[in-house]
Amino acid sequence: MWVKAVIVILLLAIVGTLLTTARFVVKDSSDKSRVLTALKIRVVLSVTLVAFVMFSYYMGWIQPHAAVPLR
């Protein structure tokens, strides 16, 4: 159960940085590199999520399942 919680937290963090970046693009008129920094954070979070899912599968903490249940 904790694996799913970590995945959900990482997904929420990725969406949060996406919304923050969108706000910076629309409302921020300064020459600061806030958009680039937010993009870097989002890329790092995405890579972390993919690596965590792969590691969880390798360790046997999560298992794939069919989209349609087998009968």
# chains A, B, ... in the order shown; residues from 1 in each chain; ligands from 1
$ residues_around --residues "Leu19 of chain A" --least-positions-apart "6" --cutoff "10 Å" --atoms "only C-alpha atoms" --output "compact mmCIF listing (two decimals) with all heavy atoms, in the first residue's frame"
# COMPACT_ATOMS: atom_id res chain seq x y z
N ALA A 13 2.87 15.76 -7.16
CA ALA A 13 3.96 16.73 -7.22
C ALA A 13 4.24 17.14 -8.66
O ALA A 13 4.50 18.33 -8.93
CB ALA A 13 5.21 16.14 -6.57
N VAL A 25 4.48 31.13 -16.57
CA VAL A 25 4.47 31.51 -17.98
C VAL A 25 3.44 32.61 -18.24
O VAL A 25 3.70 33.57 -18.97
CB VAL A 25 4.18 30.28 -18.87
CG1 VAL A 25 3.87 30.69 -20.30
CG2 VAL A 25 5.36 29.33 -18.85
N ALA A 38 11.38 25.29 -12.73
CA ALA A 38 10.20 24.44 -12.53
C ALA A 38 10.20 23.27 -13.50
O ALA A 38 9.81 22.15 -13.15
CB ALA A 38 8.93 25.27 -12.67
$ residues_around --residues "Leu11 of chain A" --least-positions-apart "4" --cutoff "8 Å" --atoms "only C-alpha atoms" --output "PyMOL selection string"
chain A and resi 7+15+49
$ write_last_selection --atoms "C-alpha atoms" --output "PDB file, in the first residue's frame"
ATOM      1  CA  ILE A   7       3.354   6.875  -6.680  1.00  0.00           C
ATOM      2  CA  VAL A  15       0.940  18.040 -11.575  1.00  0.00           C
ATOM      3  CA  LEU A  49       8.630   8.208 -10.704  1.00  0.00           C
TER       4      LEU A  49
END
$ closest_residue --among "A:Ile41, A:Val3, A:Val50, A:Ile9" --to "Thr21 of chain A" --atoms "only C-alpha atoms"
A:Ile41
$ atom_distance --atom1 "atom CA of Pro64 of chain A" --atom2 "atom CA of Phe52 of chain A"
14.6 Å
$ atom_distance --atom1 "atom CA of Ser29 of chain A" --atom2 "atom CA of Ser46 of chain A"
27.0 Å
$ select_by_dssp --residues "chain A" --states "helix (DSSP H, G or I)" --output "count of residues only"
52
$ atom_distance --atom1 "atom CA of Ala5 of chain A" --atom2 "atom CA of Ile62 of chain A"
12.2 Å
$ closest_residue --among "A:Met59, A:Val6, A:Thr37, A:Lys32" --to "Thr20 of chain A" --atoms "only C-alpha atoms"
A:Thr37
$ closest_residue --among "A:Val35, A:Ala67, A:Leu10, A:Leu18" --to "Val47 of chain A" --atoms "only C-alpha atoms"
A:Leu10
$ decode --residues "segment 55-68 of chain A" --atoms "all heavy atoms" --output "compact mmCIF listing (two decimals), in the first residue's frame"
# COMPACT_ATOMS: atom_id res chain seq x y z
N PHE A 55 11.80 -0.04 -10.22
CA PHE A 55 12.41 -0.70 -9.06
C PHE A 55 11.37 -1.48 -8.26
O PHE A 55 11.64 -2.59 -7.80
CB PHE A 55 13.09 0.35 -8.17
CG PHE A 55 13.76 -0.22 -6.97
CD1 PHE A 55 14.93 -0.95 -7.11
CD2 PHE A 55 13.24 -0.04 -5.71
CE1 PHE A 55 15.57 -1.49 -6.00
CE2 PHE A 55 13.87 -0.57 -4.60
CZ PHE A 55 15.03 -1.31 -4.73
N SER A 56 10.17 -0.92 -8.12
CA SER A 56 9.11 -1.61 -7.39
C SER A 56 8.70 -2.89 -8.09
O SER A 56 8.44 -3.91 -7.45
CB SER A 56 7.89 -0.70 -7.23
OG SER A 56 8.20 0.43 -6.48
N TYR A 57 8.65 -2.86 -9.42
CA TYR A 57 8.32 -4.06 -10.18
C TYR A 57 9.43 -5.10 -10.02
O TYR A 57 9.17 -6.28 -9.82
CB TYR A 57 8.12 -3.73 -11.65
CG TYR A 57 7.89 -4.94 -12.51
CD1 TYR A 57 6.69 -5.63 -12.45
CD2 TYR A 57 8.88 -5.41 -13.36
CE1 TYR A 57 6.48 -6.76 -13.22
CE2 TYR A 57 8.68 -6.52 -14.13
CZ TYR A 57 7.48 -7.20 -14.07
OH TYR A 57 7.29 -8.32 -14.82
N TYR A 58 10.68 -4.65 -10.09
CA TYR A 58 11.82 -5.55 -9.95
C TYR A 58 11.83 -6.22 -8.57
O TYR A 58 12.14 -7.41 -8.45
CB TYR A 58 13.12 -4.78 -10.19
CG TYR A 58 14.37 -5.60 -9.96
CD1 TYR A 58 14.77 -6.55 -10.89
CD2 TYR A 58 15.14 -5.43 -8.82
CE1 TYR A 58 15.91 -7.31 -10.68
CE2 TYR A 58 16.28 -6.18 -8.60
CZ TYR A 58 16.66 -7.13 -9.54
OH TYR A 58 17.77 -7.87 -9.32
N MET A 59 11.48 -5.45 -7.54
CA MET A 59 11.48 -5.99 -6.18
C MET A 59 10.23 -6.83 -5.89
O MET A 59 10.17 -7.51 -4.87
CB MET A 59 11.56 -4.85 -5.16
CG MET A 59 12.87 -4.10 -5.21
SD MET A 59 14.30 -5.13 -4.87
CE MET A 59 14.07 -5.48 -3.16
N GLY A 60 9.23 -6.77 -6.77
CA GLY A 60 8.03 -7.57 -6.58
C GLY A 60 6.97 -6.88 -5.73
O GLY A 60 6.00 -7.51 -5.30
N TRP A 61 7.13 -5.58 -5.50
CA TRP A 61 6.17 -4.85 -4.69
C TRP A 61 4.89 -4.56 -5.45
O TRP A 61 3.83 -4.40 -4.86
CB TRP A 61 6.77 -3.54 -4.20
CG TRP A 61 7.96 -3.72 -3.31
CD1 TRP A 61 8.26 -4.81 -2.54
CD2 TRP A 61 9.01 -2.79 -3.09
NE1 TRP A 61 9.43 -4.61 -1.86
CE2 TRP A 61 9.92 -3.37 -2.18
CE3 TRP A 61 9.27 -1.52 -3.57
CZ2 TRP A 61 11.06 -2.72 -1.75
CZ3 TRP A 61 10.42 -0.87 -3.14
CH2 TRP A 61 11.30 -1.47 -2.24
N ILE A 62 5.00 -4.45 -6.77
CA ILE A 62 3.82 -4.23 -7.62
C ILE A 62 3.82 -5.28 -8.73
O ILE A 62 4.88 -5.77 -9.13
CB ILE A 62 3.77 -2.81 -8.23
CG1 ILE A 62 5.04 -2.52 -9.04
CG2 ILE A 62 3.57 -1.76 -7.15
CD1 ILE A 62 5.02 -1.19 -9.77
N GLN A 63 2.64 -5.62 -9.19
CA GLN A 63 2.49 -6.62 -10.25
C GLN A 63 1.60 -6.05 -11.34
O GLN A 63 0.60 -5.40 -11.05
CB GLN A 63 1.86 -7.91 -9.70
CG GLN A 63 2.68 -8.61 -8.66
CD GLN A 63 3.98 -9.15 -9.23
OE1 GLN A 63 4.02 -9.58 -10.37
NE2 GLN A 63 5.03 -9.11 -8.42
N PRO A 64 1.94 -6.31 -12.60
CA PRO A 64 1.06 -5.87 -13.68
C PRO A 64 -0.19 -6.75 -13.71
O PRO A 64 -0.20 -7.88 -13.22
CB PRO A 64 1.89 -6.07 -14.94
CG PRO A 64 2.86 -7.14 -14.57
CD PRO A 64 3.14 -6.97 -13.10
N HIS A 65 -1.25 -6.21 -14.28
CA HIS A 65 -2.46 -6.98 -14.42
C HIS A 65 -3.08 -6.69 -15.78
O HIS A 65 -2.78 -5.68 -16.41
CB HIS A 65 -3.46 -6.68 -13.30
CG HIS A 65 -3.86 -5.25 -13.21
ND1 HIS A 65 -4.80 -4.69 -14.02
CD2 HIS A 65 -3.41 -4.25 -12.43
CE1 HIS A 65 -4.93 -3.41 -13.74
NE2 HIS A 65 -4.09 -3.11 -12.77
N ALA A 66 -3.95 -7.58 -16.23
CA ALA A 66 -4.58 -7.42 -17.53
C ALA A 66 -5.66 -6.34 -17.44
O ALA A 66 -6.28 -6.15 -16.40
CB ALA A 66 -5.21 -8.74 -17.96
N ALA A 67 -5.88 -5.65 -18.56
CA ALA A 67 -6.92 -4.63 -18.59
C ALA A 67 -8.29 -5.26 -18.48
O ALA A 67 -9.19 -4.70 -17.88
CB ALA A 67 -6.81 -3.82 -19.88
N VAL A 68 -8.43 -6.45 -19.05
CA VAL A 68 -9.69 -7.20 -18.96
C VAL A 68 -9.42 -8.43 -18.12
O VAL A 68 -8.51 -9.19 -18.41
CB VAL A 68 -10.19 -7.60 -20.37
CG1 VAL A 68 -11.47 -8.40 -20.27
CG2 VAL A 68 -10.36 -6.38 -21.24
